[in-house]
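Dropping protein_33.csv in here (CSV, C-alpha atoms):
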```csv
chain,number,residue,atom,x,y,z
A,1,ILE,CA,29.9,0.9,50.3
A,2,SER,CA,28.6,-2.2,52.1
A,3,SER,CA,26.8,-3.4,48.9
A,4,TYR,CA,30.0,-2.9,47.0
A,5,PHE,CA,32.3,-5.0,49.2
A,6,MET,CA,29.6,-7.6,50.0
A,7,SER,CA,28.7,-8.5,46.5
A,8,LEU,CA,29.3,-5.9,43.7
A,9,ARG,CA,33.1,-6.0,44.0
A,10,GLN,CA,33.1,-9.7,43.5
A,11,CYS,CA,30.6,-10.0,40.6
A,12,ILE,CA,31.5,-6.9,38.7
A,13,VAL,CA,35.1,-5.9,39.3
A,14,LEU,CA,36.8,-9.2,40.1
A,15,ASP,CA,34.9,-11.5,37.8
A,16,ARG,CA,34.8,-9.1,34.8
A,17,TRP,CA,38.1,-7.1,35.0
A,18,CYS,CA,40.5,-9.3,37.0
A,19,ASP,CA,41.7,-12.9,36.7
A,20,THR,CA,39.0,-15.5,37.0
A,21,GLY,CA,41.2,-18.0,38.9
A,22,THR,CA,40.3,-19.2,42.4
A,23,GLU,CA,43.4,-17.7,43.9
A,24,ARG,CA,43.4,-14.0,43.1
A,25,GLY,CA,46.5,-11.9,43.3
A,26,TRP,CA,46.9,-8.2,43.2
A,27,CYS,CA,44.6,-6.5,40.6
A,28,PHE,CA,45.0,-2.9,39.5
A,29,TRP,CA,41.3,-2.5,38.7
A,30,ASP,CA,40.3,-3.9,42.1
A,31,PHE,CA,42.6,-1.5,43.9
A,32,LEU,CA,41.4,1.5,41.8
A,33,HIS,CA,37.7,0.9,42.3
A,34,SER,CA,38.0,-0.1,45.9
A,35,SER,CA,40.0,3.0,46.7
A,36,PHE,CA,37.6,5.3,44.8
A,37,VAL,CA,34.6,3.8,46.7
A,38,ILE,CA,36.3,4.3,50.0
A,39,TYR,CA,37.3,7.9,49.1
A,40,LEU,CA,33.7,8.7,48.1
A,41,ALA,CA,32.3,7.2,51.3
A,42,ILE,CA,34.8,9.2,53.4
A,43,MET,CA,34.1,12.5,51.6
A,44,ILE,CA,30.3,12.1,51.7
A,45,THR,CA,30.3,11.2,55.4
A,46,LEU,CA,32.8,14.0,56.3
A,47,LYS,CA,30.9,16.7,54.4
A,48,PHE,CA,27.7,15.6,55.8
A,49,LEU,CA,29.0,15.8,59.4
A,50,GLN,CA,30.6,19.2,58.7
A,51,THR,CA,27.4,20.5,57.3
A,52,CYS,CA,25.5,19.3,60.3
A,53,PHE,CA,27.9,20.7,62.9
A,54,THR,CA,29.1,23.9,61.2
A,55,SER,CA,27.3,27.1,62.1
A,56,PRO,CA,25.7,28.7,59.1
A,57,GLY,CA,26.5,32.2,60.5
A,58,VAL,CA,24.1,33.7,62.9
A,59,ALA,CA,23.2,37.3,63.8
A,60,LEU,CA,22.9,37.1,67.6
A,61,PRO,CA,20.6,39.2,69.7
A,62,ASN,CA,22.1,42.1,71.5
A,63,LYS,CA,23.4,41.4,75.0
A,64,ASP,CA,21.4,44.3,76.5
A,65,ASN,CA,18.2,42.9,75.0
A,66,LYS,CA,15.6,42.7,77.8
A,67,ASN,CA,13.8,39.8,76.1
A,68,ASP,CA,14.9,36.9,78.3
A,69,GLU,CA,13.3,34.3,76.0
A,70,VAL,CA,15.3,35.6,73.0
A,71,ASN,CA,18.6,35.7,75.0
A,72,ALA,CA,18.1,32.2,76.4
A,73,SER,CA,17.5,30.7,73.0
A,74,SER,CA,20.9,32.1,71.8
A,75,ILE,CA,23.0,30.8,74.7
A,76,ARG,CA,23.1,27.2,73.5
A,77,TRP,CA,22.3,25.5,70.2
A,78,ARG,CA,20.6,22.1,70.6
A,79,ALA,CA,20.3,19.5,68.0
A,80,SER,CA,16.7,18.7,69.0
A,81,GLU,CA,15.8,22.3,68.0
A,82,GLY,CA,17.1,21.9,64.5
A,83,ARG,CA,20.1,24.0,65.1
A,84,GLY,CA,22.7,21.6,63.8
A,85,GLY,CA,24.2,18.5,65.2
A,86,ILE,CA,22.9,14.9,65.2
A,87,ALA,CA,20.7,13.2,67.8
A,88,CYS,CA,22.1,14.2,71.3
A,89,CYS,CA,25.3,15.6,69.9
A,90,ASN,CA,24.9,19.4,69.9
A,91,PRO,CA,27.0,21.7,67.7
A,92,ALA,CA,29.7,24.0,69.0
A,93,PHE,CA,28.6,27.5,69.8
A,94,SER,CA,31.1,30.4,69.7
A,95,PRO,CA,29.5,33.8,70.2
A,96,GLU,CA,32.9,35.5,69.4
A,97,GLU,CA,33.0,33.8,66.0
A,98,GLU,CA,29.5,34.7,65.2
A,99,GLU,CA,30.0,38.4,66.2
A,100,LYS,CA,33.2,38.5,64.2
A,101,LEU,CA,31.5,37.4,61.1
A,102,VAL,CA,28.6,39.8,61.5
A,103,SER,CA,31.1,42.6,62.1
A,104,LEU,CA,32.5,42.1,58.5
A,105,TYR,CA,29.1,43.2,57.2
A,106,GLY,CA,29.3,46.3,59.5
A,107,GLU,CA,32.7,47.2,58.2
A,108,GLN,CA,31.5,47.1,54.6
A,109,LYS,CA,28.3,49.0,55.4
A,110,LYS,CA,29.8,52.1,53.7
A,111,ASN,CA,29.7,50.2,50.4
A,112,ILE,CA,25.9,49.9,50.5
A,113,VAL,CA,24.2,52.3,48.2
A,114,GLU,CA,22.0,54.6,50.1
A,115,ASN,CA,19.5,55.5,47.4
A,116,ASP,CA,16.4,54.2,45.7
A,117,CYS,CA,18.4,51.3,44.4
A,118,ALA,CA,17.4,49.4,47.6
A,119,ASP,CA,14.4,48.3,45.6
A,120,LEU,CA,16.7,46.0,43.7
A,121,ARG,CA,16.4,42.3,44.5
A,122,PRO,CA,17.9,40.9,46.6
A,123,SER,CA,17.8,43.8,48.8
A,124,ASN,CA,21.2,45.4,49.8
A,125,ARG,CA,20.1,47.2,53.0
A,126,PHE,CA,20.1,46.3,56.6
A,127,THR,CA,16.8,45.1,57.9
A,128,TYR,CA,15.2,44.9,61.4
A,129,CYS,CA,14.1,41.5,62.8
A,130,SER,CA,11.2,42.0,65.2
A,131,LYS,CA,11.6,38.5,66.6
A,132,CYS,CA,15.3,38.8,67.5
A,133,GLN,CA,15.0,42.6,68.0
A,134,ILE,CA,18.2,43.4,66.1
A,135,TRP,CA,19.4,45.1,62.9
A,136,ARG,CA,20.6,42.4,60.6
A,137,PRO,CA,22.9,42.5,57.6
A,138,PRO,CA,21.6,42.2,54.0
A,139,ARG,CA,20.4,38.8,52.9
A,140,CYS,CA,20.0,37.8,56.5
A,141,HIS,CA,16.7,36.1,57.2
A,142,HIS,CA,15.0,34.7,60.3
A,143,CYS,CA,14.5,31.0,60.2
A,144,SER,CA,11.2,29.9,61.7
A,145,ALA,CA,12.5,26.3,62.1
A,146,CYS,CA,15.5,27.0,64.4
A,147,ASN,CA,14.4,30.5,65.5
A,148,ARG,CA,17.6,32.3,64.4
A,149,CYS,CA,18.6,35.0,62.0
A,150,ILE,CA,20.9,33.3,59.4
A,151,LEU,CA,23.5,35.1,57.4
A,152,GLN,CA,23.0,34.8,53.7
A,153,MET,CA,20.3,32.2,54.4
A,154,ASP,CA,19.6,29.7,51.6
A,155,HIS,CA,17.2,27.3,53.3
A,156,HIS,CA,16.6,25.1,56.3
A,157,CYS,CA,17.6,21.5,55.5
A,158,PRO,CA,15.9,18.8,57.6
A,159,TRP,CA,18.3,16.2,56.2
A,160,VAL,CA,21.2,17.8,57.9
A,161,ASN,CA,19.2,19.2,60.8
A,162,ASN,CA,20.7,22.7,60.2
A,163,CYS,CA,20.2,25.9,58.3
A,164,ILE,CA,22.3,26.3,55.1
A,165,GLY,CA,23.9,29.8,55.2
A,166,TYR,CA,27.1,31.7,54.5
A,167,ASN,CA,29.4,29.4,56.5
A,168,ASN,CA,28.2,25.9,55.4
A,169,LEU,CA,26.8,26.5,51.9
A,170,ARG,CA,30.2,25.4,50.5
A,171,LEU,CA,30.0,22.2,52.6
A,172,PHE,CA,26.4,21.5,51.6
A,173,PHE,CA,27.2,21.9,47.9
A,174,THR,CA,30.3,19.8,48.0
A,175,MET,CA,28.3,17.1,49.8
A,176,LEU,CA,25.8,17.2,46.9
A,177,THR,CA,28.6,17.0,44.4
A,178,PHE,CA,30.1,13.9,45.9
A,179,LEU,CA,26.7,12.3,46.2
A,180,LEU,CA,26.1,12.9,42.6
A,181,VAL,CA,29.5,11.5,41.6
A,182,ALA,CA,28.8,8.4,43.7
A,183,CYS,CA,25.4,7.9,42.0
A,184,TYR,CA,26.8,8.3,38.5
A,185,TYR,CA,29.7,6.0,39.4
A,186,ALA,CA,27.4,3.3,40.7
A,187,ILE,CA,25.2,3.6,37.5
A,188,SER,CA,28.2,3.2,35.3
A,189,MET,CA,29.3,0.1,37.2
A,190,THR,CA,25.9,-1.6,37.2
A,191,ILE,CA,24.2,-0.6,34.0
A,192,VAL,CA,25.9,-3.3,31.8
A,193,PRO,CA,25.3,-6.1,34.3
A,194,PHE,CA,21.7,-4.9,34.8
A,195,TYR,CA,21.1,-4.9,31.1
A,196,GLU,CA,22.5,-8.4,30.8
A,197,LEU,CA,20.3,-9.7,33.6
A,198,VAL,CA,17.2,-8.1,32.1
A,199,LYS,CA,18.0,-9.5,28.7
A,200,GLU,CA,18.5,-13.0,30.3
A,201,ASP,CA,15.1,-12.7,32.0
A,202,LEU,CA,13.5,-11.9,28.7
A,203,LYS,CA,14.8,-15.1,27.3
A,204,HIS,CA,12.9,-17.0,30.1
A,205,GLY,CA,9.6,-15.4,29.1
A,206,ILE,CA,9.5,-12.5,31.6
A,207,SER,CA,7.5,-9.8,29.8
A,208,MET,CA,8.5,-6.2,29.9
A,209,ASN,CA,6.2,-3.4,31.1
A,210,PHE,CA,6.2,0.3,31.9
A,211,PHE,CA,7.1,1.6,28.4
A,212,GLY,CA,9.4,-1.3,27.7
A,213,LEU,CA,11.4,-1.2,30.9
A,214,ALA,CA,11.6,-4.3,33.1
A,215,LEU,CA,12.7,-2.2,36.1
A,216,TYR,CA,9.5,-2.2,38.1
A,217,GLN,CA,8.7,-5.8,37.3
A,218,GLU,CA,12.1,-6.8,38.7
A,219,LEU,CA,11.4,-4.8,41.8
A,220,TYR,CA,8.1,-6.6,42.2
A,221,SER,CA,9.7,-10.0,41.8
A,222,ILE,CA,12.5,-9.1,44.3
A,223,PHE,CA,10.4,-7.6,47.1
A,224,TYR,CA,7.0,-9.3,46.7
A,225,LYS,CA,8.0,-12.7,45.4
A,226,ALA,CA,11.3,-13.1,47.2
A,227,GLY,CA,10.5,-16.7,48.1
A,228,ASP,CA,9.9,-17.7,44.4
A,229,TYR,CA,12.7,-15.5,42.9
A,230,SER,CA,15.4,-18.1,43.2
A,231,LYS,CA,13.2,-20.7,41.4
A,232,ARG,CA,12.3,-18.5,38.4
A,233,HIS,CA,14.8,-19.9,36.0
A,234,GLU,CA,13.6,-23.5,35.8
A,235,GLY,CA,14.6,-24.4,39.3
A,236,GLU,CA,18.0,-22.9,39.0
A,237,GLU,CA,19.0,-20.9,42.1
A,238,VAL,CA,19.8,-17.3,41.3
A,239,PRO,CA,22.9,-15.9,43.1
A,240,LYS,CA,22.5,-13.1,45.6
A,241,SER,CA,24.7,-10.9,43.4
A,242,VAL,CA,21.8,-10.7,40.9
A,243,LEU,CA,19.6,-9.2,43.6
A,244,TRP,CA,22.3,-6.8,44.6
A,245,ILE,CA,22.8,-5.5,41.1
A,246,LYS,CA,19.1,-5.0,40.4
A,247,VAL,CA,18.3,-3.4,43.7
A,248,VAL,CA,21.4,-1.1,43.7
A,249,PHE,CA,20.8,0.0,40.1
A,250,VAL,CA,17.2,1.0,40.8
A,251,ILE,CA,18.2,2.9,43.9
A,252,VAL,CA,21.1,4.8,42.3
A,253,VAL,CA,19.1,5.7,39.2
A,254,THR,CA,16.3,7.1,41.3
A,255,ALA,CA,18.6,8.9,43.7
A,256,GLY,CA,20.8,10.1,40.8
A,257,CYS,CA,17.9,11.8,39.1
A,258,ALA,CA,16.7,13.6,42.2
A,259,ILE,CA,20.3,14.7,43.2
A,260,SER,CA,21.0,15.8,39.6
A,261,PHE,CA,18.1,18.2,39.7
A,262,LEU,CA,19.0,19.5,43.1
A,263,TRP,CA,22.7,19.9,42.2
A,264,SER,CA,22.0,21.7,38.9
A,265,TYR,CA,19.5,24.1,40.7
A,266,HIS,CA,22.0,25.1,43.4
A,267,PHE,CA,24.9,25.4,40.9
A,268,ARG,CA,22.8,27.7,38.8
A,269,LEU,CA,22.2,29.8,41.9
A,270,LEU,CA,25.9,29.9,42.8
A,271,CYS,CA,26.8,31.2,39.3
A,272,ALA,CA,24.1,33.9,39.6
A,273,ALA,CA,25.1,34.9,43.2
A,274,LEU,CA,21.6,34.0,44.5
A,275,THR,CA,20.3,32.0,47.3
A,276,THR,CA,17.1,29.9,47.3
A,277,ILE,CA,15.2,32.7,49.1
A,278,ASP,CA,16.6,35.3,46.6
A,279,HIS,CA,15.5,33.2,43.7
A,280,GLN,CA,12.0,32.6,45.1
A,281,ALA,CA,11.6,36.4,45.7
A,282,THR,CA,12.8,37.1,42.2
A,283,LEU,CA,10.3,34.7,40.7
A,284,THR,CA,7.5,36.2,42.8
A,285,GLN,CA,8.5,39.7,41.6
A,286,LYS,CA,8.6,38.6,38.0
A,287,ARG,CA,5.2,37.1,38.3
A,288,ASN,CA,3.8,40.3,39.9
A,289,GLN,CA,5.4,42.4,37.1
A,290,LEU,CA,3.9,40.1,34.5
A,291,LEU,CA,0.4,40.4,36.1
A,292,GLN,CA,0.8,44.2,36.2
A,293,LYS,CA,1.8,44.2,32.5
A,294,LEU,CA,-1.2,42.0,31.6
A,295,ARG,CA,-3.5,44.3,33.5
A,296,GLY,CA,-2.0,47.3,31.8
A,297,ASN,CA,-0.5,48.9,35.0
A,298,ALA,CA,2.6,50.9,34.6
A,299,PRO,CA,5.7,50.4,36.8
A,300,THR,CA,5.5,52.4,40.0
A,301,THR,CA,9.2,53.4,40.0
A,302,LYS,CA,11.9,53.6,37.4
A,303,TYR,CA,13.7,50.7,39.1
A,304,ASP,CA,10.9,48.2,38.6
A,305,ASN,CA,12.3,47.4,35.1
A,306,LEU,CA,15.7,46.8,36.6
A,307,ARG,CA,15.0,44.6,39.5
A,308,SER,CA,14.4,41.5,37.4
A,309,SER,CA,17.7,41.8,35.6
A,310,VAL,CA,20.2,43.4,38.0
A,311,ASN,CA,21.6,41.6,41.1
A,312,PRO,CA,23.6,44.0,43.2
A,313,PHE,CA,25.5,41.0,44.8
A,314,SER,CA,26.7,39.6,41.6
A,315,GLN,CA,30.4,40.2,40.9
A,316,LYS,CA,29.9,40.4,37.2
A,317,GLY,CA,31.2,37.0,36.4
A,318,TRP,CA,30.0,33.5,37.3
A,319,ARG,CA,33.6,32.4,38.2
A,320,LYS,CA,33.9,35.1,40.8
A,321,ASN,CA,30.5,34.2,42.2
A,322,VAL,CA,31.4,30.5,42.5
A,323,HIS,CA,34.8,31.3,44.2
A,324,GLN,CA,32.9,33.5,46.6
A,325,ILE,CA,31.1,30.5,48.0
A,326,LEU,CA,33.4,27.5,47.2
A,327,GLY,CA,36.6,29.4,48.2
A,328,PRO,CA,39.6,30.7,46.3
A,329,ASN,CA,41.1,27.2,45.8
A,330,LEU,CA,38.5,24.8,44.4
A,331,TRP,CA,40.8,21.8,44.7
A,332,TYR,CA,40.8,22.2,48.5
A,333,ASN,CA,37.2,20.9,48.4
A,334,LEU,CA,38.5,17.5,47.2
A,335,ILE,CA,40.7,16.9,50.2
A,336,PRO,CA,39.2,15.2,53.2
A,337,SER,CA,40.2,17.9,55.7
A,338,ILE,CA,38.5,18.8,58.9
A,339,GLY,CA,40.2,22.2,59.1
A,340,LYS,CA,38.5,25.5,58.2
A,341,GLN,CA,39.0,26.7,54.6
A,342,LYS,CA,39.7,30.4,54.1
A,343,ILE,CA,36.3,31.9,53.4
A,344,LEU,CA,36.2,35.1,51.4
A,345,PRO,CA,34.7,38.1,53.2
A,346,PRO,CA,31.0,38.7,52.6
A,347,TYR,CA,30.5,40.5,49.3
A,348,LEU,CA,28.4,43.6,49.5
A,349,PRO,CA,27.6,45.8,46.5
A,350,LYS,CA,29.3,49.0,45.8
A,351,ASP,CA,28.0,52.0,43.8
A,352,ASP,CA,29.5,50.8,40.5
A,353,PHE,CA,26.6,48.7,39.3
```
Would you give me this structure, written as structure tokens?
Amino acid sequence: ISSYFMSLRQCIVLDRWCDTGTERGWCFWDFLHSSFVIYLAIMITLKFLQTCFTSPGVALPNKDNKNDEVNASSIRWRASEGRGGIACCNPAFSPEEEEKLVSLYGEQKKNIVENDCADLRPSNRFTYCSKCQIWRPPRCHHCSACNRCILQMDHHCPWVNNCIGYNNLRLFFTMLTFLLVACYYAISMTIVPFYELVKEDLKHGISMNFFGLALYQELYSIFYKAGDYSKRHEGEEVPKSVLWIKVVFVIVVTAGCAISFLWSYHFRLLCAALTTIDHQATLTQKRNQLLQKLRGNAPTTKYDNLRSSVNPFSQKGWRKNVHQILGPNLWYNLIPSIGKQKILPPYLPKDDF
């Protein structure tokens, strides 16, 4: 947002799409782009902070647990221990809210199939955590980074200093979505000016490299020859907007590629009602089954052929799986709200799959 208002707004929006006079009046395109940039900045910052400070959902140790070390670690969550928050700002801790969420799993425990189908992946049975010394709900895993059992744990994200679980997976995914939109928006705004600048450099004898792209040569000229950059065009001083366009374009292209891969990966998991841990376990299982097949070993149980194709937590439809995480009203995620969205109860499989 700083690069936009410091330089890009002037050299791209005002000079190209608005009047070129010295005294500029009200311009619709300037208002539209400036408003959208501010909106993206607010949403990205808000979703990032909410992801940091929102509890992922934790299965707390029992109050009668005699392990003082375990009980002491669950009294307060500190940002320095990777349990959410930023720097010295610790996240809020409400044992009542955590116990209420875990109780939802207990109320639906009757829906869990008590038969050999527990071999399905992900598992649909309660498991015991030897570190927290508690029985934890299905898809609840112990995080070694923050030393807690996280409900529907996806992964521990060091970028937000928190685990991504049932409560904040929606916030994490919407943050990625706004980051991706911001990168694509910045690319669409700078790709034409960047192409024109590279084309102009070619006229002055600057050769292209790296499979015909002048991208990395421009970076070399900007960062390593900063003193000579303004004298490259026969003594003519190059405006700072040229540097801004080239640097911003390189950054947003690189970040956009990385975030696109990450967003598509998590969206695929949302549609399949899987977490990152579930997906990794499924891949490991498929690999083991493939090795057994290559070695000529027969399946050990009749469910081994089903585990790779049946997910007991899927609601037989990608739309229902997406709504389960993102909420019943998807448009709510576009509003800069600090209130809590209605989260659907944890989905546990019934005996109809």
Item to check | Atomic distance atom CA of A:Thr174 - atom CA of A:Phe48, expressed in Å with one decimal | outcome: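 Atom-to-atom, atom CA of A:Thr174 and atom CA of A:Phe48 are spaced 9.2 Å apart.
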Item to check | Residue neighbourhood stretch 30-36 of chain A, 7 Å, only C-alpha atoms, exclusion window fewer than 3 positions, as a list in words | outcome: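 In the requested format, the answer is Val13, Leu14, Cys27, Tyr39 and Leu40 of chain A.
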Next on the checklist: Report as a list in words all protein, DNA and RNA residues lying within 10 Å of stretch 265-267 of chain A, evaluated on all atoms listed in the file, omitting residues in the same chain fewer than 2 positions from it.
Outcome noted: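 My list of contacting residues is Asp154, Leu169, Phe172, Phe173, Leu176, Thr177, Ile259, Ser260, Phe261, Leu262, Trp263, Leu269, Leu270, Cys271, Ala272, Ala273, Leu274, Thr275, Thr276 and Val322 of chain A.
With only C-alpha atoms as the basis for measurement, A:Asn167 is the residue among A:Asn162, A:Thr254, A:Asn167, A:Ser337 that approaches A:Ile325 most closely.
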Item to check | Computed interatomic separation between atom CA of A:Pro336 and atom CA of A:Met43 (Å) | outcome: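 So the answer is 6.0 Å.
One distance worth recording is that between atom CA of A:His279 and atom CA of A:Leu291, which is 18.4 Å.
For the set A:Phe249, A:Trp331, A:Trp159, A:Trp29, the residue with the smallest atom-to-atom gap to A:Pro193 is A:Phe249, counting only C-alpha atoms.
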